[in-house]
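*Asks:* For reference, this is work.cif, and it has mmCIF, C-alpha atoms.
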```
data_my_file
loop_
_atom_site.group_PDB
_atom_site.id
_atom_site.type_symbol
_atom_site.label_atom_id
_atom_site.label_comp_id
_atom_site.auth_asym_id
_atom_site.auth_seq_id
_atom_site.Cartn_x
_atom_site.Cartn_y
_atom_site.Cartn_z
ATOM 1 C CA MET A 268 -10.267 20.424 -2.195
ATOM 2 C CA VAL A 269 -6.663 21.506 -2.730
ATOM 3 C CA PRO A 270 -5.203 21.317 -6.281
ATOM 4 C CA PHE A 271 -2.243 18.976 -6.665
ATOM 5 C CA SER A 272 -0.279 17.814 -9.695
ATOM 6 C CA PHE A 273 1.152 14.305 -9.969
ATOM 7 C CA ALA A 274 2.851 12.678 -12.972
ATOM 8 C CA GLY A 275 1.397 15.317 -15.277
ATOM 9 C CA GLU A 276 -2.154 14.777 -14.006
ATOM 10 C CA ASP A 277 -4.247 17.465 -12.311
ATOM 11 C CA MET A 278 -5.636 16.135 -9.052
ATOM 12 C CA ALA A 279 -6.977 17.427 -5.737
ATOM 13 C CA LEU A 280 -6.327 16.452 -2.126
ATOM 14 C CA LEU A 281 -9.297 16.232 0.235
ATOM 15 C CA GLU A 282 -9.188 16.603 4.002
ATOM 16 C CA GLY A 283 -9.328 13.144 5.535
ATOM 17 C CA GLY A 284 -7.078 11.443 3.010
ATOM 18 C CA ALA A 285 -9.025 11.078 -0.248
ATOM 19 C CA LEU A 286 -7.621 11.973 -3.658
ATOM 20 C CA TYR A 287 -9.770 13.249 -6.531
ATOM 21 C CA TRP A 288 -8.726 12.761 -10.161
ATOM 22 C CA PRO A 289 -10.861 15.123 -12.277
ATOM 23 C CA ARG A 290 -9.995 13.704 -15.704
ATOM 24 C CA GLU A 291 -11.320 10.296 -14.610
ATOM 25 C CA GLU A 292 -14.047 11.765 -12.364
ATOM 26 C CA ALA A 293 -12.588 9.351 -9.814
ATOM 27 C CA LEU A 294 -12.197 9.409 -6.044
ATOM 28 C CA LEU A 295 -9.359 7.313 -4.627
ATOM 29 C CA VAL A 296 -9.174 6.110 -1.020
ATOM 30 C CA ALA A 297 -6.820 3.651 0.635
ATOM 31 C CA ASP A 298 -6.959 1.369 3.663
ATOM 32 C CA LEU A 299 -10.584 1.631 4.773
ATOM 33 C CA HIS A 300 -10.113 -1.328 7.166
ATOM 34 C CA LEU A 301 -13.872 -1.745 7.516
ATOM 35 C CA GLU A 302 -14.974 -3.850 10.514
ATOM 36 C CA LYS A 303 -11.698 -3.401 12.371
ATOM 37 C CA ALA A 304 -13.550 -2.890 15.669
ATOM 38 C CA SER A 305 -15.558 -6.099 15.307
ATOM 39 C CA PHE A 306 -12.359 -7.993 14.475
ATOM 40 C CA PHE A 307 -10.712 -6.916 17.729
ATOM 41 C CA ALA A 308 -13.923 -7.553 19.678
ATOM 42 C CA ARG A 309 -13.629 -11.232 18.791
ATOM 43 C CA PHE A 310 -10.410 -11.294 20.798
ATOM 44 C CA GLY A 311 -11.720 -9.391 23.825
ATOM 45 C CA GLN A 312 -10.502 -5.906 22.871
ATOM 46 C CA MET A 313 -13.706 -3.895 22.882
ATOM 47 C CA LEU A 314 -13.786 -0.811 20.643
ATOM 48 C CA PRO A 315 -16.784 1.355 19.651
ATOM 49 C CA PRO A 316 -18.539 -0.840 17.020
ATOM 50 C CA TYR A 317 -19.415 1.874 14.509
ATOM 51 C CA ASP A 318 -16.123 2.374 12.665
ATOM 52 C CA SER A 319 -17.567 1.077 9.373
ATOM 53 C CA ARG A 320 -20.458 3.550 9.531
ATOM 54 C CA GLU A 321 -18.072 6.436 10.193
ATOM 55 C CA THR A 322 -15.701 5.416 7.402
ATOM 56 C CA LEU A 323 -18.500 4.984 4.855
ATOM 57 C CA GLU A 324 -20.017 8.335 5.869
ATOM 58 C CA ARG A 325 -16.644 9.920 5.165
ATOM 59 C CA VAL A 326 -16.520 8.254 1.740
ATOM 60 C CA ALA A 327 -20.040 9.526 1.007
ATOM 61 C CA ARG A 328 -19.053 13.082 1.990
ATOM 62 C CA ALA A 329 -15.963 12.935 -0.239
ATOM 63 C CA ILE A 330 -18.104 11.745 -3.164
ATOM 64 C CA ARG A 331 -20.550 14.613 -2.640
ATOM 65 C CA LEU A 332 -17.771 17.191 -2.282
ATOM 66 C CA SER A 333 -15.842 16.060 -5.350
ATOM 67 C CA GLY A 334 -18.752 15.052 -7.566
ATOM 68 C CA ALA A 335 -16.930 11.785 -8.315
ATOM 69 C CA ARG A 336 -18.635 9.217 -10.515
ATOM 70 C CA ARG A 337 -16.072 6.473 -9.841
ATOM 71 C CA VAL A 338 -14.386 5.203 -6.682
ATOM 72 C CA PHE A 339 -11.142 3.252 -6.562
ATOM 73 C CA THR A 340 -10.213 1.718 -3.203
ATOM 74 C CA LEU A 341 -6.518 0.905 -2.936
ATOM 75 C CA GLY A 342 -6.600 -2.209 -0.788
ATOM 76 C CA ASP A 343 -7.123 -3.298 2.815
ATOM 77 C CA ASN A 344 -10.767 -2.497 2.266
ATOM 78 C CA PHE A 345 -11.868 -4.742 5.141
ATOM 79 C CA HIS A 346 -9.684 -5.490 8.126
ATOM 80 C CA ASP A 347 -9.854 -9.256 7.550
ATOM 81 C CA GLY A 348 -11.263 -11.815 5.132
ATOM 82 C CA ASP A 349 -14.547 -12.225 7.041
ATOM 83 C CA GLY A 350 -15.170 -8.512 7.528
ATOM 84 C CA ALA A 351 -17.845 -8.181 4.828
ATOM 85 C CA ASN A 352 -19.908 -10.862 6.573
ATOM 86 C CA ARG A 353 -19.810 -8.947 9.879
ATOM 87 C CA LEU A 354 -21.172 -5.645 8.538
ATOM 88 C CA GLU A 355 -24.230 -4.702 10.606
ATOM 89 C CA PRO A 356 -27.373 -3.918 8.533
ATOM 90 C CA HIS A 357 -27.002 -0.118 8.607
ATOM 91 C CA ALA A 358 -23.380 -0.162 7.388
ATOM 92 C CA ALA A 359 -24.196 -2.870 4.835
ATOM 93 C CA GLY A 360 -27.011 -0.693 3.497
ATOM 94 C CA MET A 361 -24.682 2.302 3.275
ATOM 95 C CA LEU A 362 -22.130 0.310 1.295
ATOM 96 C CA ALA A 363 -24.803 -1.097 -1.024
ATOM 97 C CA ALA A 364 -26.139 2.413 -1.677
ATOM 98 C CA LEU A 365 -22.686 3.828 -2.407
ATOM 99 C CA THR A 366 -21.818 1.044 -4.842
ATOM 100 C CA ARG A 367 -25.092 1.699 -6.689
ATOM 101 C CA VAL A 368 -24.579 5.434 -7.196
ATOM 102 C CA VAL A 369 -20.946 5.325 -8.375
ATOM 103 C CA ASP A 370 -18.838 2.932 -10.389
ATOM 104 C CA TRP A 371 -16.920 1.195 -7.581
ATOM 105 C CA VAL A 372 -13.666 -0.702 -8.147
ATOM 106 C CA TRP A 373 -11.928 -2.595 -5.337
ATOM 107 C CA ILE A 374 -8.147 -3.038 -5.463
ATOM 108 C CA GLY A 375 -7.149 -5.900 -3.162
ATOM 109 C CA GLY A 376 -4.646 -5.641 -0.321
ATOM 110 C CA ASN A 377 -2.956 -7.959 2.130
ATOM 111 C CA HIS A 378 -6.091 -7.976 4.358
ATOM 112 C CA ASP A 379 -8.507 -8.628 1.498
ATOM 113 C CA VAL A 380 -8.676 -12.402 1.002
ATOM 114 C CA GLY A 381 -12.077 -12.629 -0.699
ATOM 115 C CA ALA A 382 -13.380 -9.846 1.517
ATOM 116 C CA ALA A 383 -15.090 -7.191 -0.581
ATOM 117 C CA PRO A 384 -18.460 -7.704 -2.290
ATOM 118 C CA GLY A 385 -18.193 -7.482 -6.066
ATOM 119 C CA THR A 386 -15.167 -7.493 -8.326
ATOM 120 C CA MET A 387 -11.723 -7.141 -6.785
ATOM 121 C CA LEU A 388 -8.571 -6.590 -8.826
ATOM 122 C CA GLU A 389 -4.953 -7.032 -7.795
ATOM 123 C CA GLU A 390 -3.998 -3.870 -9.682
ATOM 124 C CA LEU A 391 -5.366 -1.685 -12.450
ATOM 125 C CA ALA A 392 -3.867 0.606 -15.086
ATOM 126 C CA VAL A 393 -5.916 3.775 -15.613
ATOM 127 C CA GLY A 394 -4.557 6.175 -18.195
ATOM 128 C CA PRO A 395 -0.880 6.818 -17.383
ATOM 129 C CA LEU A 396 -1.136 5.507 -13.802
ATOM 130 C CA VAL A 397 -1.084 2.070 -12.213
ATOM 131 C CA LEU A 398 -3.206 1.552 -9.089
ATOM 132 C CA ARG A 399 -2.201 -1.077 -6.541
ATOM 133 C CA HIS A 400 -2.221 -1.617 -2.795
ATOM 134 C CA GLU A 401 1.493 -1.612 -2.008
ATOM 135 C CA ALA A 402 4.084 0.471 -3.838
ATOM 136 C CA ARG A 403 6.464 -1.685 -5.844
ATOM 137 C CA ALA A 404 10.094 -0.610 -5.626
ATOM 138 C CA GLY A 405 11.560 -0.224 -9.089
ATOM 139 C CA GLU A 406 8.196 0.335 -10.801
ATOM 140 C CA ALA A 407 8.827 2.522 -13.853
ATOM 141 C CA ARG A 408 5.209 3.602 -14.364
ATOM 142 C CA ALA A 409 3.589 6.353 -12.327
ATOM 143 C CA GLU A 410 1.906 4.624 -9.386
ATOM 144 C CA LEU A 411 -0.816 5.268 -6.802
ATOM 145 C CA SER A 412 -0.945 3.038 -3.723
ATOM 146 C CA GLY A 413 -1.715 2.770 -0.009
ATOM 147 C CA HIS A 414 -0.655 0.189 2.611
ATOM 148 C CA PHE A 415 1.783 2.254 4.690
ATOM 149 C CA HIS A 416 -0.635 4.763 6.297
ATOM 150 C CA PRO A 417 1.894 7.665 6.082
ATOM 151 C CA LYS A 418 1.743 10.398 8.730
ATOM 152 C CA LEU A 419 3.727 13.590 9.223
ATOM 153 C CA ARG A 420 4.605 14.809 12.689
ATOM 154 C CA ILE A 421 4.199 18.575 12.987
ATOM 155 C CA ALA A 422 5.164 20.904 15.842
ATOM 156 C CA ALA A 423 2.216 23.213 16.545
ATOM 157 C CA ARG A 424 1.666 25.546 19.497
ATOM 158 C CA GLY A 425 4.373 23.914 21.538
ATOM 159 C CA ARG A 426 3.244 20.346 21.006
ATOM 160 C CA SER A 427 3.765 17.605 18.453
ATOM 161 C CA VAL A 428 0.821 16.586 16.275
ATOM 162 C CA ALA A 429 0.741 13.676 13.811
ATOM 163 C CA ARG A 430 -1.270 14.345 10.637
ATOM 164 C CA PRO A 431 -2.113 11.865 7.857
ATOM 165 C CA CYS A 432 -0.272 12.826 4.683
ATOM 166 C CA TRP A 433 0.548 11.682 1.185
ATOM 167 C CA ALA A 434 4.077 10.432 0.466
ATOM 168 C CA ALA A 435 5.059 11.823 -2.930
ATOM 169 C CA SER A 436 7.988 11.400 -5.289
ATOM 170 C CA GLU A 437 8.279 12.132 -8.985
ATOM 171 C CA ARG A 438 6.474 8.922 -10.023
ATOM 172 C CA LYS A 439 4.928 7.489 -6.841
ATOM 173 C CA LEU A 440 2.169 8.664 -4.557
ATOM 174 C CA ILE A 441 1.199 6.777 -1.384
ATOM 175 C CA LEU A 442 -2.186 7.743 0.043
ATOM 176 C CA PRO A 443 -2.855 8.016 3.791
ATOM 177 C CA ALA A 444 -5.228 5.552 5.433
ATOM 178 C CA PHE A 445 -8.873 6.616 5.133
ATOM 179 C CA GLY A 446 -10.451 4.296 7.716
ATOM 180 C CA ALA A 447 -11.784 5.601 11.020
ATOM 181 C CA LEU A 448 -9.672 3.259 13.166
ATOM 182 C CA THR A 449 -6.385 3.256 11.275
ATOM 183 C CA GLY A 450 -3.032 4.194 12.749
ATOM 184 C CA GLY A 451 -0.033 5.459 10.840
ATOM 185 C CA MET A 452 3.667 5.184 10.033
ATOM 186 C CA ASP A 453 6.095 8.093 9.993
ATOM 187 C CA VAL A 454 6.367 9.258 6.398
ATOM 188 C CA ALA A 455 10.168 9.276 6.710
ATOM 189 C CA ASP A 456 10.290 5.642 7.875
ATOM 190 C CA PRO A 457 12.893 3.628 5.897
ATOM 191 C CA ALA A 458 10.180 1.195 4.728
ATOM 192 C CA ILE A 459 8.286 4.027 3.012
ATOM 193 C CA ILE A 460 11.431 5.558 1.538
ATOM 194 C CA ALA A 461 12.459 2.152 0.137
ATOM 195 C CA ALA A 462 9.016 1.620 -1.405
ATOM 196 C CA MET A 463 9.210 5.031 -3.108
ATOM 197 C CA GLN A 464 12.309 4.146 -5.134
ATOM 198 C CA PRO A 465 13.481 5.072 -7.685
ATOM 199 C CA ALA A 466 13.224 8.679 -6.565
ATOM 200 C CA LYS A 467 15.331 11.804 -6.379
ATOM 201 C CA ALA A 468 13.330 13.158 -3.440
ATOM 202 C CA VAL A 469 10.364 12.232 -1.254
ATOM 203 C CA HIS A 470 7.967 14.804 0.187
ATOM 204 C CA ALA A 471 5.071 14.711 2.591
ATOM 205 C CA VAL A 472 2.141 16.613 1.102
ATOM 206 C CA LEU A 473 -1.113 17.533 2.824
ATOM 207 C CA PRO A 474 -3.839 20.183 2.719
ATOM 208 C CA VAL A 475 -3.774 22.669 5.567
ATOM 209 C CA ARG A 476 -6.437 25.395 5.753
ATOM 210 C CA GLY A 477 -7.121 25.127 2.046
ATOM 211 C CA LYS A 478 -3.474 25.306 0.961
ATOM 212 C CA LEU A 479 -1.030 22.652 -0.174
ATOM 213 C CA VAL A 480 1.834 22.027 2.250
ATOM 214 C CA ARG A 481 4.885 20.159 0.953
ATOM 215 C CA VAL A 482 7.566 19.021 3.431
ATOM 216 C CA PRO A 483 10.823 17.339 2.255
ATOM 217 C CA VAL A 484 11.531 14.081 4.114
ATOM 218 C CA TRP A 485 14.265 12.436 2.003
ATOM 219 C CA GLN A 486 16.786 13.485 -0.647
ATOM 220 C CA GLU A 487 18.949 11.341 -2.917
ATOM 221 C CA ALA A 488 22.600 11.531 -1.914
ATOM 222 C CA ALA A 489 24.663 13.780 -4.140
#
```
I'd like the structure from this file rewritten - as structure tokens, please.

*Replies:*
Amino acid sequence: MVPFSFAGEDMALLEGGALYWPREEALLVADLHLEKASFFARFGQMLPPYDSRETLERVARAIRLSGARRVFTLGDNFHDGDGANRLEPHAAGMLAALTRVVDWVWIGGNHDVGAAPGTMLEELAVGPLVLRHEARAGEARAELSGHFHPKLRIAARGRSVARPCWAASERKLILPAFGALTGGMDVADPAIIAAMQPAKAVHAVLPVRGKLVRVPVWQEAA
């Protein structure tokens, strides 16, 4: 875990895209998109059918690593409204076990029409932060969200590599997608920059070999 400060709160970034908030003993993940493979299979696009297992295993590892006692999911938890009903028994058992051992709160997203088992909230205020699925331009409170799946393209060893990252401004933090079959949007895309407003600057942040890397992607015009 790599220490990271946001809006006056001590936090930590985990490899894979999770965020740990020590004061709340909370793990935050965005855009799990559970049962994405089975959704596409219904339309003839066959993908390996174990994406939900892989994603939930990653959540379990992040819980063990961080010692979290609460989990907040920031929307698009399932890929579609019927996703929870398609969970195969092993993945369903994994999800049931996880929701028993930690206090689990679902924040709904644009894919989550009645999808997740248990209580789902549109947004939630926790301490000084508001948690929601999609960043709201003009929001004055410090905000944690998902939705955009930000990625940073990095040149390494003569080739270009795209890495999931967090999009960070003074008062907004957009988490990368945590699901096994999720794509991404360039962190400097105008849609992300617009969602981050008001801001003086936007950075991509990510852990690399145990250190925090911060890359500027947008600056307010002088």

*Asks:* Starting from the PyMOL selection byres ((chain A and resi 339) around 7), expand the selection into actual residues of this file and give them as a PDB file with C-alpha atoms, in the frame of the given file.

*Replies:*
```
ATOM      1  CA  LEU A 294     -12.197   9.409  -6.044  1.00  0.00           C
ATOM      2  CA  LEU A 295      -9.359   7.313  -4.627  1.00  0.00           C
ATOM      3  CA  VAL A 296      -9.174   6.110  -1.020  1.00  0.00           C
ATOM      4  CA  ARG A 337     -16.072   6.473  -9.841  1.00  0.00           C
ATOM      5  CA  VAL A 338     -14.386   5.203  -6.682  1.00  0.00           C
ATOM      6  CA  THR A 340     -10.213   1.718  -3.203  1.00  0.00           C
ATOM      7  CA  LEU A 341      -6.518   0.905  -2.936  1.00  0.00           C
ATOM      8  CA  TRP A 371     -16.920   1.195  -7.581  1.00  0.00           C
ATOM      9  CA  VAL A 372     -13.666  -0.702  -8.147  1.00  0.00           C
ATOM     10  CA  TRP A 373     -11.928  -2.595  -5.337  1.00  0.00           C
TER      11      TRP A 373
END
```

*Asks:* Choose the residue, out of A:Phe271, A:Phe445, A:Tyr287, A:Trp485, that has the smallest atom-to-atom separation from A:Glu321; count only C-alpha atoms.

*Replies:*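 Between A:Phe271, A:Phe445, A:Tyr287, A:Trp485, the residue approaching A:Glu321 most closely is A:Phe445.
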
*Asks:* Here's the selection I'm unsure about, the PyMOL selection byres ((chain A and resi 275) around 12); applied to the file above, which residues does it give, as a ChimeraX atom specification?

*Replies:* /A:271-274,276-278,288,290,394-396,409,437-438

*Asks:* Counting all atoms listed in the file, write as a list in words all protein and nucleic acid residues lying at most 10 Å from (-1.8, 11.5, 6.7) in the file's frame.

*Replies:*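 Residues found, by chain and rising number: Glu282, Gly283, Gly284, His416, Pro417, Lys418, Leu419, Arg420, Ala429, Arg430, Pro431, Cys432, Trp433, Ala434, Ile441, Leu442, Pro443, Ala444, Phe445, Gly450, Gly451, Met452, Asp453, Val454, Ala471, Val472, Leu473 and Pro474 of chain A.
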
*Asks:* Just the selected residues (C-alpha atoms), exported as an mmCIF file, in the frame of the given file, please.

*Replies:*
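Result went into part_15.cif, see below:
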```
data_model
loop_
_atom_site.group_PDB
_atom_site.id
_atom_site.type_symbol
_atom_site.label_atom_id
_atom_site.label_comp_id
_atom_site.auth_asym_id
_atom_site.auth_seq_id
_atom_site.Cartn_x
_atom_site.Cartn_y
_atom_site.Cartn_z
ATOM 1 C CA GLU A 282 -9.188 16.603 4.002
ATOM 2 C CA GLY A 283 -9.328 13.144 5.535
ATOM 3 C CA GLY A 284 -7.078 11.443 3.010
ATOM 4 C CA HIS A 416 -0.635 4.763 6.297
ATOM 5 C CA PRO A 417 1.894 7.665 6.082
ATOM 6 C CA LYS A 418 1.743 10.398 8.730
ATOM 7 C CA LEU A 419 3.727 13.590 9.223
ATOM 8 C CA ARG A 420 4.605 14.809 12.689
ATOM 9 C CA ALA A 429 0.741 13.676 13.811
ATOM 10 C CA ARG A 430 -1.270 14.345 10.637
ATOM 11 C CA PRO A 431 -2.113 11.865 7.857
ATOM 12 C CA CYS A 432 -0.272 12.826 4.683
ATOM 13 C CA TRP A 433 0.548 11.682 1.185
ATOM 14 C CA ALA A 434 4.077 10.432 0.466
ATOM 15 C CA ILE A 441 1.199 6.777 -1.384
ATOM 16 C CA LEU A 442 -2.186 7.743 0.043
ATOM 17 C CA PRO A 443 -2.855 8.016 3.791
ATOM 18 C CA ALA A 444 -5.228 5.552 5.433
ATOM 19 C CA PHE A 445 -8.873 6.616 5.133
ATOM 20 C CA GLY A 450 -3.032 4.194 12.749
ATOM 21 C CA GLY A 451 -0.033 5.459 10.840
ATOM 22 C CA MET A 452 3.667 5.184 10.033
ATOM 23 C CA ASP A 453 6.095 8.093 9.993
ATOM 24 C CA VAL A 454 6.367 9.258 6.398
ATOM 25 C CA ALA A 471 5.071 14.711 2.591
ATOM 26 C CA VAL A 472 2.141 16.613 1.102
ATOM 27 C CA LEU A 473 -1.113 17.533 2.824
ATOM 28 C CA PRO A 474 -3.839 20.183 2.719
#
```

*Asks:* A:Leu323, A:His300, A:Ala468, A:Leu411: which is nearest A:Ala489, counting all atoms listed in the file?

*Replies:*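 Nearest to A:Ala489: A:Ala468.
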
*Asks:* What does the PyMOL selection byres ((chain A and resi 322) around 8) select in this file, as a PyMOL selection string?

*Replies:* chain A and resi 299+301+318-321+323-326+445-447

*Asks:* Within 6 Å of stretch 460-467 of chain A, counting all atoms listed in the file, which residues qualify if same-chain residues fewer than 2 places away don't, as a list of chain:residue names?

*Replies:*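 Skipping anything fewer than 2 positions along the chain leaves A:Ala402, A:Ala404, A:Gly405, A:Pro457, A:Ala458, A:Glu487.
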
*Asks:* Just to confirm, what's the straight-line distance from atom CA of A:Val469 to atom CA of A:Ala435 in Å (one decimal)?

*Replies:* 5.6 Å

*Asks:* Which of these, A:Val368, A:Leu479, A:Ile374, A:Val484, has the shortest distance to A:Glu390 once you count only C-alpha atoms?

*Replies:*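 Looking only at the distances to A:Glu390, the closest residue turns out to be A:Ile374.
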
*Asks:* When you draw a straight line from atom CA of A:Thr449 to atom CA of A:Ala407, how long is it in Å?

*Replies:*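 One can read the atom CA of A:Thr449 to atom CA of A:Ala407 distance as 29.4 Å.
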
*Asks:* Mind giving me the straight-line distance from atom CA of A:Arg424 to atom CA of A:Leu286 in Å, one decimal?

*Replies:*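 Computing it gives 28.4 Å between the two atoms.
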
*Asks:* Go through A:Ala327, A:Ala488, A:Leu388, A:Leu398 one by one, measure the shortest atom-to-atom distance of each to A:Leu365 using only C-alpha atoms, and give the residue with the smallest value.

*Replies:*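 Among A:Ala327, A:Ala488, A:Leu388, A:Leu398, it is A:Ala327 that comes nearest to A:Leu365.
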
*Asks:* Pick the closest to A:Gly334 from A:Leu280, A:Val369, A:Ala351, A:Leu362: which is it, counting all atoms listed in the file?

*Replies:*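 Once distances to A:Gly334 are computed over all atoms listed in the file, the minimum belongs to A:Val369.
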